[in-house]
$ cat work_26.cif   # mmCIF, C-alpha atoms, pLDDT in the B column; chains and numbers go by the auth columns
data_protein
#
loop_
_atom_site.group_PDB
_atom_site.id
_atom_site.type_symbol
_atom_site.label_atom_id
_atom_site.label_comp_id
_atom_site.label_asym_id
_atom_site.label_seq_id
_atom_site.Cartn_x
_atom_site.Cartn_y
_atom_site.Cartn_z
_atom_site.B_iso_or_equiv
_atom_site.auth_seq_id
_atom_site.auth_asym_id
ATOM 1 C CA MET A 1 101.480 95.758 87.996 63.00 106 A
ATOM 2 C CA SER A 2 101.677 98.994 86.011 69.00 107 A
ATOM 3 C CA GLY A 3 104.610 101.372 86.396 80.00 108 A
ATOM 4 C CA ARG A 4 107.929 100.624 88.043 93.00 109 A
ATOM 5 C CA PHE A 5 108.375 98.873 91.354 96.00 110 A
ATOM 6 C CA ILE A 6 110.880 100.823 93.432 96.00 111 A
ATOM 7 C CA LEU A 7 112.724 99.536 96.462 97.00 112 A
ATOM 8 C CA ALA A 8 113.647 102.513 98.625 95.00 113 A
ATOM 9 C CA SER A 9 116.842 100.918 99.859 91.00 114 A
ATOM 10 C CA GLN A 10 120.441 100.223 98.904 88.00 115 A
ATOM 11 C CA SER A 11 120.692 97.185 101.185 89.00 116 A
ATOM 12 C CA PRO A 12 122.089 94.198 99.263 91.00 117 A
ATOM 13 C CA ARG A 13 120.253 91.885 101.648 92.00 118 A
ATOM 14 C CA ARG A 14 116.864 93.429 100.843 95.00 119 A
ATOM 15 C CA ARG A 15 117.648 93.322 97.127 95.00 120 A
ATOM 16 C CA GLU A 16 118.469 89.613 97.348 94.00 121 A
ATOM 17 C CA LEU A 17 115.286 88.873 99.285 95.00 122 A
ATOM 18 C CA LEU A 18 113.026 90.850 96.954 96.00 123 A
ATOM 19 C CA ASP A 19 114.571 89.034 93.982 95.00 124 A
ATOM 20 C CA ARG A 20 113.092 85.803 95.354 94.00 125 A
ATOM 21 C CA LEU A 21 109.556 87.079 94.723 93.00 126 A
ATOM 22 C CA GLY A 22 110.261 87.403 90.996 92.00 127 A
ATOM 23 C CA ILE A 23 109.420 91.106 90.980 91.00 128 A
ATOM 24 C CA SER A 24 111.268 93.375 88.579 94.00 129 A
ATOM 25 C CA PHE A 25 112.414 96.408 90.552 95.00 130 A
ATOM 26 C CA VAL A 26 114.850 99.296 90.697 95.00 131 A
ATOM 27 C CA CYS A 27 116.585 100.661 93.781 95.00 132 A
ATOM 28 C CA VAL A 28 116.254 104.316 94.717 93.00 133 A
ATOM 29 C CA PRO A 29 117.785 104.948 98.165 89.00 134 A
ATOM 30 C CA ALA A 30 115.805 107.381 100.284 86.00 135 A
ATOM 31 C CA GLU A 31 117.393 110.789 100.872 81.00 136 A
ATOM 32 C CA PHE A 32 116.205 110.796 104.426 70.00 137 A
ATOM 33 C CA GLU A 33 118.034 111.176 107.720 69.00 138 A
ATOM 34 C CA GLU A 34 117.112 108.157 109.803 69.00 139 A
ATOM 35 C CA ARG A 35 116.432 109.514 113.250 73.00 140 A
ATOM 36 C CA CYS A 36 114.461 107.327 115.583 69.00 141 A
ATOM 37 C CA ASP A 37 112.242 109.059 118.121 74.00 142 A
ATOM 38 C CA PRO A 38 113.191 107.349 121.416 76.00 143 A
ATOM 39 C CA THR A 39 109.830 108.306 122.934 84.00 144 A
ATOM 40 C CA LEU A 40 107.911 106.124 120.463 89.00 145 A
ATOM 41 C CA PRO A 41 107.166 102.446 121.104 93.00 146 A
ATOM 42 C CA PRO A 42 109.526 100.325 118.925 93.00 147 A
ATOM 43 C CA GLN A 43 106.761 99.036 116.622 94.00 148 A
ATOM 44 C CA LEU A 44 105.578 102.548 115.880 95.00 149 A
ATOM 45 C CA ALA A 45 109.155 103.786 115.474 93.00 150 A
ATOM 46 C CA VAL A 46 110.047 101.270 112.728 94.00 151 A
ATOM 47 C CA SER A 47 106.695 101.848 111.048 95.00 152 A
ATOM 48 C CA GLU A 48 107.235 105.604 110.979 94.00 153 A
ATOM 49 C CA LEU A 49 110.803 105.320 109.677 94.00 154 A
ATOM 50 C CA ALA A 50 109.622 103.071 106.840 95.00 155 A
ATOM 51 C CA ARG A 51 106.807 105.495 106.010 96.00 156 A
ATOM 52 C CA HIS A 52 109.177 108.464 105.874 94.00 157 A
ATOM 53 C CA LYS A 53 111.573 106.571 103.596 95.00 158 A
ATOM 54 C CA ALA A 54 108.763 105.609 101.215 96.00 159 A
ATOM 55 C CA ALA A 55 107.390 109.160 101.147 95.00 160 A
ATOM 56 C CA ALA A 56 110.842 110.617 100.421 94.00 161 A
ATOM 57 C CA VAL A 57 111.317 108.352 97.395 94.00 162 A
ATOM 58 C CA ARG A 58 107.730 108.767 96.230 94.00 163 A
ATOM 59 C CA ARG A 59 108.284 112.512 95.815 91.00 164 A
ATOM 60 C CA CYS A 60 110.879 111.918 93.093 88.00 165 A
ATOM 61 C CA CYS A 61 109.113 109.079 91.247 86.00 166 A
ATOM 62 C CA GLY A 62 106.473 108.806 88.555 82.00 167 A
ATOM 63 C CA GLN A 63 102.741 108.745 89.206 84.00 168 A
ATOM 64 C CA ASN A 64 102.433 105.093 88.153 90.00 169 A
ATOM 65 C CA ASP A 65 105.267 103.814 90.334 94.00 170 A
ATOM 66 C CA TRP A 66 104.990 101.597 93.390 96.00 171 A
ATOM 67 C CA VAL A 67 107.367 102.388 96.255 97.00 172 A
ATOM 68 C CA LEU A 68 108.392 99.954 98.972 97.00 173 A
ATOM 69 C CA ALA A 69 110.437 100.935 102.018 97.00 174 A
ATOM 70 C CA ALA A 70 111.491 98.956 105.071 96.00 175 A
ATOM 71 C CA ASP A 71 113.231 99.632 108.349 94.00 176 A
ATOM 72 C CA THR A 72 114.613 96.984 110.679 93.00 177 A
ATOM 73 C CA MET A 73 115.386 97.409 114.345 94.00 178 A
ATOM 74 C CA VAL A 74 116.554 95.135 117.138 96.00 179 A
ATOM 75 C CA VAL A 75 114.845 95.510 120.513 96.00 180 A
ATOM 76 C CA CYS A 76 116.455 94.011 123.617 96.00 181 A
ATOM 77 C CA GLY A 77 115.187 94.596 127.123 91.00 182 A
ATOM 78 C CA GLY A 78 112.997 97.403 125.854 89.00 183 A
ATOM 79 C CA ARG A 79 115.969 99.217 124.260 92.00 184 A
ATOM 80 C CA MET A 80 115.974 99.950 120.532 93.00 185 A
ATOM 81 C CA LEU A 81 119.254 99.003 118.853 93.00 186 A
ATOM 82 C CA GLY A 82 119.938 100.448 115.424 88.00 187 A
ATOM 83 C CA LYS A 83 123.214 100.309 113.517 90.00 188 A
ATOM 84 C CA PRO A 84 126.273 100.849 115.721 95.00 189 A
ATOM 85 C CA ALA A 85 128.091 104.145 115.255 94.00 190 A
ATOM 86 C CA ASN A 86 131.472 102.635 116.166 96.00 191 A
ATOM 87 C CA THR A 87 133.131 99.428 117.368 97.00 192 A
ATOM 88 C CA GLU A 88 132.580 100.209 121.049 97.00 193 A
ATOM 89 C CA GLN A 89 128.863 100.644 120.472 97.00 194 A
ATOM 90 C CA ALA A 90 128.821 97.386 118.527 97.00 195 A
ATOM 91 C CA ARG A 91 130.574 95.687 121.444 97.00 196 A
ATOM 92 C CA GLN A 92 127.996 97.008 123.907 97.00 197 A
ATOM 93 C CA MET A 93 125.127 95.856 121.711 97.00 198 A
ATOM 94 C CA LEU A 94 126.529 92.341 121.320 98.00 199 A
ATOM 95 C CA ARG A 95 127.135 92.067 125.058 97.00 200 A
ATOM 96 C CA SER A 96 123.493 92.982 125.706 97.00 201 A
ATOM 97 C CA LEU A 97 122.307 90.343 123.200 98.00 202 A
ATOM 98 C CA SER A 98 124.620 87.615 124.529 98.00 203 A
ATOM 99 C CA GLY A 99 122.734 84.784 126.235 97.00 204 A
ATOM 100 C CA ALA A 100 119.368 86.502 125.841 97.00 205 A
ATOM 101 C CA TRP A 101 116.225 86.724 123.748 98.00 206 A
ATOM 102 C CA HIS A 102 115.549 89.826 121.693 98.00 207 A
ATOM 103 C CA GLU A 103 113.074 90.918 119.053 98.00 208 A
ATOM 104 C CA VAL A 104 113.732 91.940 115.469 97.00 209 A
ATOM 105 C CA MET A 105 111.097 94.314 114.080 97.00 210 A
ATOM 106 C CA THR A 106 110.757 95.318 110.453 97.00 211 A
ATOM 107 C CA GLY A 107 108.372 98.058 109.437 97.00 212 A
ATOM 108 C CA LEU A 108 107.052 97.944 105.862 98.00 213 A
ATOM 109 C CA ALA A 109 105.564 100.867 103.949 98.00 214 A
ATOM 110 C CA LEU A 110 104.120 100.427 100.458 97.00 215 A
ATOM 111 C CA ILE A 111 102.818 103.368 98.455 96.00 216 A
ATOM 112 C CA ALA A 112 100.618 102.475 95.466 95.00 217 A
ATOM 113 C CA PRO A 113 100.240 104.594 92.292 93.00 218 A
ATOM 114 C CA SER A 114 97.020 106.031 93.744 92.00 219 A
ATOM 115 C CA GLY A 115 99.026 107.363 96.678 93.00 220 A
ATOM 116 C CA ARG A 116 97.378 104.956 99.115 95.00 221 A
ATOM 117 C CA LEU A 117 99.698 103.703 101.861 96.00 222 A
ATOM 118 C CA TRP A 118 99.884 100.169 103.210 96.00 223 A
ATOM 119 C CA GLN A 119 101.892 99.489 106.357 97.00 224 A
ATOM 120 C CA GLY A 120 102.785 96.558 108.555 96.00 225 A
ATOM 121 C CA VAL A 121 105.294 95.434 111.157 97.00 226 A
ATOM 122 C CA GLU A 122 106.759 91.928 111.390 98.00 227 A
ATOM 123 C CA ILE A 123 108.271 90.736 114.687 98.00 228 A
ATOM 124 C CA THR A 124 110.616 87.779 115.158 98.00 229 A
ATOM 125 C CA ARG A 125 112.079 86.598 118.467 98.00 230 A
ATOM 126 C CA VAL A 126 115.729 85.563 118.377 98.00 231 A
ATOM 127 C CA HIS A 127 117.889 83.859 121.008 98.00 232 A
ATOM 128 C CA VAL A 128 121.653 84.400 121.049 98.00 233 A
ATOM 129 C CA LEU A 129 124.028 81.982 122.754 98.00 234 A
ATOM 130 C CA THR A 130 126.502 83.366 125.253 98.00 235 A
ATOM 131 C CA MET A 131 129.360 85.212 123.547 97.00 236 A
ATOM 132 C CA ASP A 132 132.464 85.959 125.578 97.00 237 A
ATOM 133 C CA ASP A 133 134.551 89.069 124.913 96.00 238 A
ATOM 134 C CA ARG A 134 136.970 87.130 122.715 97.00 239 A
ATOM 135 C CA ALA A 135 134.131 85.933 120.485 97.00 240 A
ATOM 136 C CA ILE A 136 132.598 89.406 120.357 97.00 241 A
ATOM 137 C CA ASP A 137 135.916 91.045 119.430 97.00 242 A
ATOM 138 C CA ALA A 138 136.591 88.418 116.751 97.00 243 A
ATOM 139 C CA TYR A 139 133.168 89.025 115.231 97.00 244 A
ATOM 140 C CA ILE A 140 133.591 92.803 115.290 97.00 245 A
ATOM 141 C CA ALA A 141 136.982 92.384 113.579 97.00 246 A
ATOM 142 C CA THR A 142 135.201 90.920 110.530 96.00 247 A
ATOM 143 C CA GLY A 143 133.492 94.292 109.989 95.00 248 A
ATOM 144 C CA GLU A 144 130.128 92.609 109.574 95.00 249 A
ATOM 145 C CA PRO A 145 128.366 94.221 112.560 96.00 250 A
ATOM 146 C CA MET A 146 128.937 97.819 111.508 94.00 251 A
ATOM 147 C CA ASP A 147 126.091 98.245 109.001 90.00 252 A
ATOM 148 C CA LYS A 148 123.485 96.070 110.692 92.00 253 A
ATOM 149 C CA ALA A 149 120.797 96.770 113.262 91.00 254 A
ATOM 150 C CA GLY A 150 121.787 95.264 116.591 95.00 255 A
ATOM 151 C CA ALA A 151 125.364 94.808 115.300 96.00 256 A
ATOM 152 C CA TYR A 152 124.833 91.362 113.797 96.00 257 A
ATOM 153 C CA GLY A 153 123.717 89.586 110.653 94.00 258 A
ATOM 154 C CA ILE A 154 121.927 86.265 111.021 95.00 259 A
ATOM 155 C CA GLN A 155 122.940 85.306 107.485 93.00 260 A
ATOM 156 C CA GLY A 156 126.626 85.835 108.268 93.00 261 A
ATOM 157 C CA GLY A 157 129.084 84.936 110.992 94.00 262 A
ATOM 158 C CA ALA A 158 126.597 85.568 113.789 95.00 263 A
ATOM 159 C CA ALA A 159 124.679 82.456 112.704 96.00 264 A
ATOM 160 C CA ALA A 160 127.055 80.391 114.844 96.00 265 A
ATOM 161 C CA TYR A 161 125.626 82.031 117.957 97.00 266 A
ATOM 162 C CA ILE A 162 121.914 81.991 117.142 97.00 267 A
ATOM 163 C CA ASP A 163 120.278 78.783 118.277 96.00 268 A
ATOM 164 C CA ARG A 164 116.563 79.636 118.183 97.00 269 A
ATOM 165 C CA ILE A 165 114.190 81.920 116.360 98.00 270 A
ATOM 166 C CA GLU A 166 110.433 82.293 116.642 98.00 271 A
ATOM 167 C CA GLY A 167 108.895 83.753 113.504 98.00 272 A
ATOM 168 C CA SER A 168 110.155 84.796 110.088 97.00 273 A
ATOM 169 C CA TYR A 169 113.831 84.214 109.291 97.00 274 A
ATOM 170 C CA ASP A 170 113.604 86.595 106.317 97.00 275 A
ATOM 171 C CA ASN A 171 112.466 89.286 108.711 97.00 276 A
ATOM 172 C CA VAL A 172 115.710 89.004 110.683 96.00 277 A
ATOM 173 C CA VAL A 173 117.661 89.372 107.441 95.00 278 A
ATOM 174 C CA GLY A 174 115.710 92.540 106.675 92.00 279 A
ATOM 175 C CA LEU A 175 112.554 91.898 104.609 96.00 280 A
ATOM 176 C CA PRO A 176 109.664 89.642 105.735 97.00 281 A
ATOM 177 C CA LEU A 177 108.647 88.112 102.408 97.00 282 A
ATOM 178 C CA ALA A 178 105.398 86.414 103.456 97.00 283 A
ATOM 179 C CA ARG A 179 103.988 89.605 104.990 96.00 284 A
ATOM 180 C CA LEU A 180 105.183 91.644 102.013 97.00 285 A
ATOM 181 C CA TRP A 181 103.566 89.228 99.528 96.00 286 A
ATOM 182 C CA ALA A 182 100.229 89.445 101.354 96.00 287 A
ATOM 183 C CA MET A 183 100.478 93.238 101.461 96.00 288 A
ATOM 184 C CA LEU A 184 101.208 93.406 97.736 95.00 289 A
ATOM 185 C CA ALA A 185 98.282 91.118 96.900 94.00 290 A
ATOM 186 C CA GLU A 186 95.891 93.259 98.938 94.00 291 A
ATOM 187 C CA ALA A 187 97.218 96.495 97.459 94.00 292 A
ATOM 188 C CA GLU A 188 97.115 95.278 93.849 92.00 293 A
ATOM 189 C CA SER A 189 93.559 93.995 94.290 91.00 294 A
ATOM 190 C CA LYS A 190 92.395 97.292 95.759 90.00 295 A
ATOM 191 C CA GLU A 191 94.111 99.327 93.051 88.00 296 A
ATOM 192 C CA ALA A 192 92.653 97.127 90.275 81.00 297 A
ATOM 193 C CA ASN A 193 89.136 97.415 91.712 76.00 298 A
ATOM 194 C CA GLU A 194 89.388 101.202 91.794 67.00 299 A
ATOM 195 C CA VAL A 195 90.551 101.297 88.166 55.00 300 A
ATOM 196 C CA ASP A 196 87.615 99.053 87.168 53.00 301 A
ATOM 197 C CA GLN A 197 85.129 101.238 89.026 56.00 302 A
ATOM 198 C CA SER A 198 86.519 104.395 87.416 54.00 303 A
ATOM 199 C CA ALA A 199 86.283 102.847 83.972 52.00 304 A
ATOM 200 C CA ALA A 200 82.662 101.826 84.581 50.00 305 A
ATOM 201 C CA GLN A 201 81.569 105.339 85.513 53.00 306 A
#

$ encode --input "work_26.cif" --output "structure tokens"
Amino acid sequence: MSGRFILASQSPRRRELLDRLGISFVCVPAEFEERCDPTLPPQLAVSELARHKAAAVRRCCGQNDWVLAADTMVVCGGRMLGKPANTEQARQMLRSLSGAWHEVMTGLALIAPSGRLWQGVEITRVHVLTMDDRAIDAYIATGEPMDKAGAYGIQGGAAAYIDRIEGSYDNVVGLPLARLWAMLAEAESKEANEVDQSAAQ
């Protein structure tokens, strides 16, 4: 892979996950106001947010750089749940998740040095055990819910209340590694073929 690989995120969870793939990368957080269009279907909404993040970082990077952006959202009962703005919103989100299934969607956007864009959305179903108000308040008091979509982190204290998942665990943390690896392989192959064809002309 020529050029730098840039992760358009400051999330420590995404950094830790990307480290597992053995890719050398630098973090350049996107200067982009994350506003979700409530009229869009959730899958399209996370895909568009990821694309905007990648495009924002791409504008300040070198021509040979790769840029990866991701956006994760929790969807429960058709409602899109982003990061809570305050503790009361976190409480409402956790009450809606309690005793129910929900979906975690992560949109991926990868921009190659050629400027070509690859996108994908990974969806995982998650079931949360019943949480009473005491449990919810105790979890909120840890501070963990405040910077996470849906007001919980599966890799943290919320793990005690999650009894089933269907799909990628990494996706719930914030970066679906298997889908990302396949996307990277396809993108690198396409980019290499174009370089070969240009050299042959």

$ atom_distance --input "work_26.cif" --atom1 "atom CA of A:Arg163" --atom2 "atom CA of A:Ala113"
8.9 Å

$ residues_around --input "work_26.cif" --residues "A:Pro250" --least-positions-apart "2" --cutoff "12 Å" --atoms "only C-alpha atoms" --output "ChimeraX atom specification"
/A:187-199,241-248,252-263

$ atom_distance --input "work_26.cif" --atom1 "atom CA of A:Asp142" --atom2 "atom CA of A:Val231"
23.8 Å

$ resolve_selection --input "work_26.cif" --expression "the PyMOL selection byres ((chain A and resi 148-153) around 7)" --output "ChimeraX atom specification"
/A:141-142,145-147,154-157,176-178,210-213,226

$ resolve_selection --input "work_26.cif" --expression "the PyMOL selection byres ((chain A and resi 206) around 6)" --output "JSON, numbers by chain"
{"A": [205, 207, 231, 232]}

$ resolve_selection --input "work_26.cif" --expression "the PyMOL selection byres ((chain A and resi 160) around 12)" --output "PyMOL selection string"
chain A and resi 111-113+133-137+153-159+161-166+171-175+214-217+220-223

$ atom_distance --input "work_26.cif" --atom1 "atom CA of A:Glu227" --atom2 "atom CA of A:Ile270"
13.4 Å

$ closest_residue --input "work_26.cif" --among "A:Arg109, A:Ala240, A:Lys295, A:Thr229" --to "A:Tyr274" --atoms "all atoms listed in the file"
A:Thr229

$ closest_residue --input "work_26.cif" --among "A:Met185, A:Val180, A:Ile128, A:Leu289" --to "A:Pro143" --atoms "only C-alpha atoms"
A:Met185

$ closest_residue --input "work_26.cif" --among "A:Gln115, A:Ala290, A:Leu186, A:Arg230" --to "A:Gly272" --atoms "only C-alpha atoms"
A:Arg230

$ closest_residue --input "work_26.cif" --among "A:Ala264, A:Leu123, A:Val233, A:Val209" --to "A:Glu249" --atoms "all atoms listed in the file"
A:Ala264

$ axis_aligned_box --input "work_26.cif" --around "stretch 199-213 of chain A" --padding-each-side "6 Å" --output "AutoDock Vina command-line options"
--center_x 117.1 --center_y 91.4 --center_z 116.0 --size_x 32.1 --size_y 25.3 --size_z 32.4

$ closest_residue --input "work_26.cif" --among "A:Ser219, A:Ser294, A:Gln224, A:Ser203" --to "A:Ile267" --atoms "all atoms listed in the file"
A:Ser203

$ build_atoms --input "work_26.cif" --residues "stretch 182-193 of chain A" --atoms "all heavy atoms" --output "short mmCIF file (atom, residue, chain, number, x, y, z; two decimals), in the coordinates of the input"
data_model
loop_
_atom_site.label_atom_id
_atom_site.label_comp_id
_atom_site.auth_asym_id
_atom_site.auth_seq_id
_atom_site.Cartn_x
_atom_site.Cartn_y
_atom_site.Cartn_z
N GLY A 182 115.47 94.02 125.81
CA GLY A 182 115.19 94.60 127.12
C GLY A 182 114.50 95.94 127.05
O GLY A 182 114.72 96.80 127.90
N GLY A 183 113.70 96.14 126.03
CA GLY A 183 113.00 97.40 125.85
C GLY A 183 113.81 98.49 125.18
O GLY A 183 113.29 99.56 124.90
N ARG A 184 115.10 98.24 124.91
CA ARG A 184 115.97 99.22 124.26
C ARG A 184 116.01 98.96 122.76
O ARG A 184 116.14 97.82 122.30
CB ARG A 184 117.40 99.14 124.81
CG ARG A 184 117.54 99.64 126.23
CD ARG A 184 118.97 99.50 126.73
NE ARG A 184 119.92 100.18 125.84
CZ ARG A 184 120.93 99.57 125.24
NH1 ARG A 184 121.13 98.27 125.39
NH2 ARG A 184 121.75 100.26 124.48
N MET A 185 115.90 100.04 121.98
CA MET A 185 115.97 99.95 120.53
C MET A 185 117.43 100.05 120.08
O MET A 185 118.13 101.01 120.43
CB MET A 185 115.13 101.05 119.88
CG MET A 185 113.65 100.93 120.17
SD MET A 185 112.64 102.18 119.31
CE MET A 185 112.94 103.62 120.35
N LEU A 186 117.87 99.05 119.32
CA LEU A 186 119.25 99.00 118.85
C LEU A 186 119.27 99.14 117.33
O LEU A 186 118.83 98.25 116.61
CB LEU A 186 119.93 97.69 119.26
CG LEU A 186 119.87 97.30 120.74
CD1 LEU A 186 120.57 95.97 120.97
CD2 LEU A 186 120.49 98.40 121.61
N GLY A 187 119.79 100.26 116.86
CA GLY A 187 119.94 100.45 115.42
C GLY A 187 121.32 100.00 114.98
O GLY A 187 121.92 99.09 115.58
N LYS A 188 121.87 100.63 113.97
CA LYS A 188 123.21 100.31 113.52
C LYS A 188 124.23 100.97 114.44
O LYS A 188 124.06 102.13 114.81
CB LYS A 188 123.42 100.80 112.07
CG LYS A 188 122.50 100.14 111.07
CD LYS A 188 122.68 100.74 109.68
CE LYS A 188 121.70 100.13 108.68
NZ LYS A 188 121.81 100.75 107.34
N PRO A 189 125.28 100.24 114.82
CA PRO A 189 126.27 100.85 115.72
C PRO A 189 127.05 101.96 115.04
O PRO A 189 127.38 101.87 113.86
CB PRO A 189 127.18 99.66 116.07
CG PRO A 189 127.04 98.72 114.92
CD PRO A 189 125.62 98.86 114.45
N ALA A 190 127.35 103.01 115.80
CA ALA A 190 128.09 104.14 115.26
C ALA A 190 129.59 103.87 115.24
O ALA A 190 130.33 104.49 114.47
CB ALA A 190 127.80 105.40 116.08
N ASN A 191 130.05 102.95 116.09
CA ASN A 191 131.47 102.64 116.17
C ASN A 191 131.64 101.24 116.78
O ASN A 191 130.65 100.60 117.19
CB ASN A 191 132.22 103.69 116.99
CG ASN A 191 131.54 103.96 118.33
OD1 ASN A 191 131.28 103.04 119.11
ND2 ASN A 191 131.21 105.22 118.59
N THR A 192 132.89 100.79 116.87
CA THR A 192 133.13 99.43 117.37
C THR A 192 132.76 99.28 118.84
O THR A 192 132.30 98.21 119.25
CB THR A 192 134.60 99.02 117.16
OG1 THR A 192 135.45 99.98 117.80
CG2 THR A 192 134.93 98.94 115.68
N GLU A 193 132.94 100.31 119.63
CA GLU A 193 132.58 100.21 121.05
C GLU A 193 131.08 100.06 121.22
O GLU A 193 130.60 99.29 122.06
CB GLU A 193 133.08 101.43 121.82
CG GLU A 193 132.78 101.38 123.32
CD GLU A 193 133.28 100.11 123.99
OE1 GLU A 193 134.34 99.58 123.59
OE2 GLU A 193 132.59 99.62 124.92
#
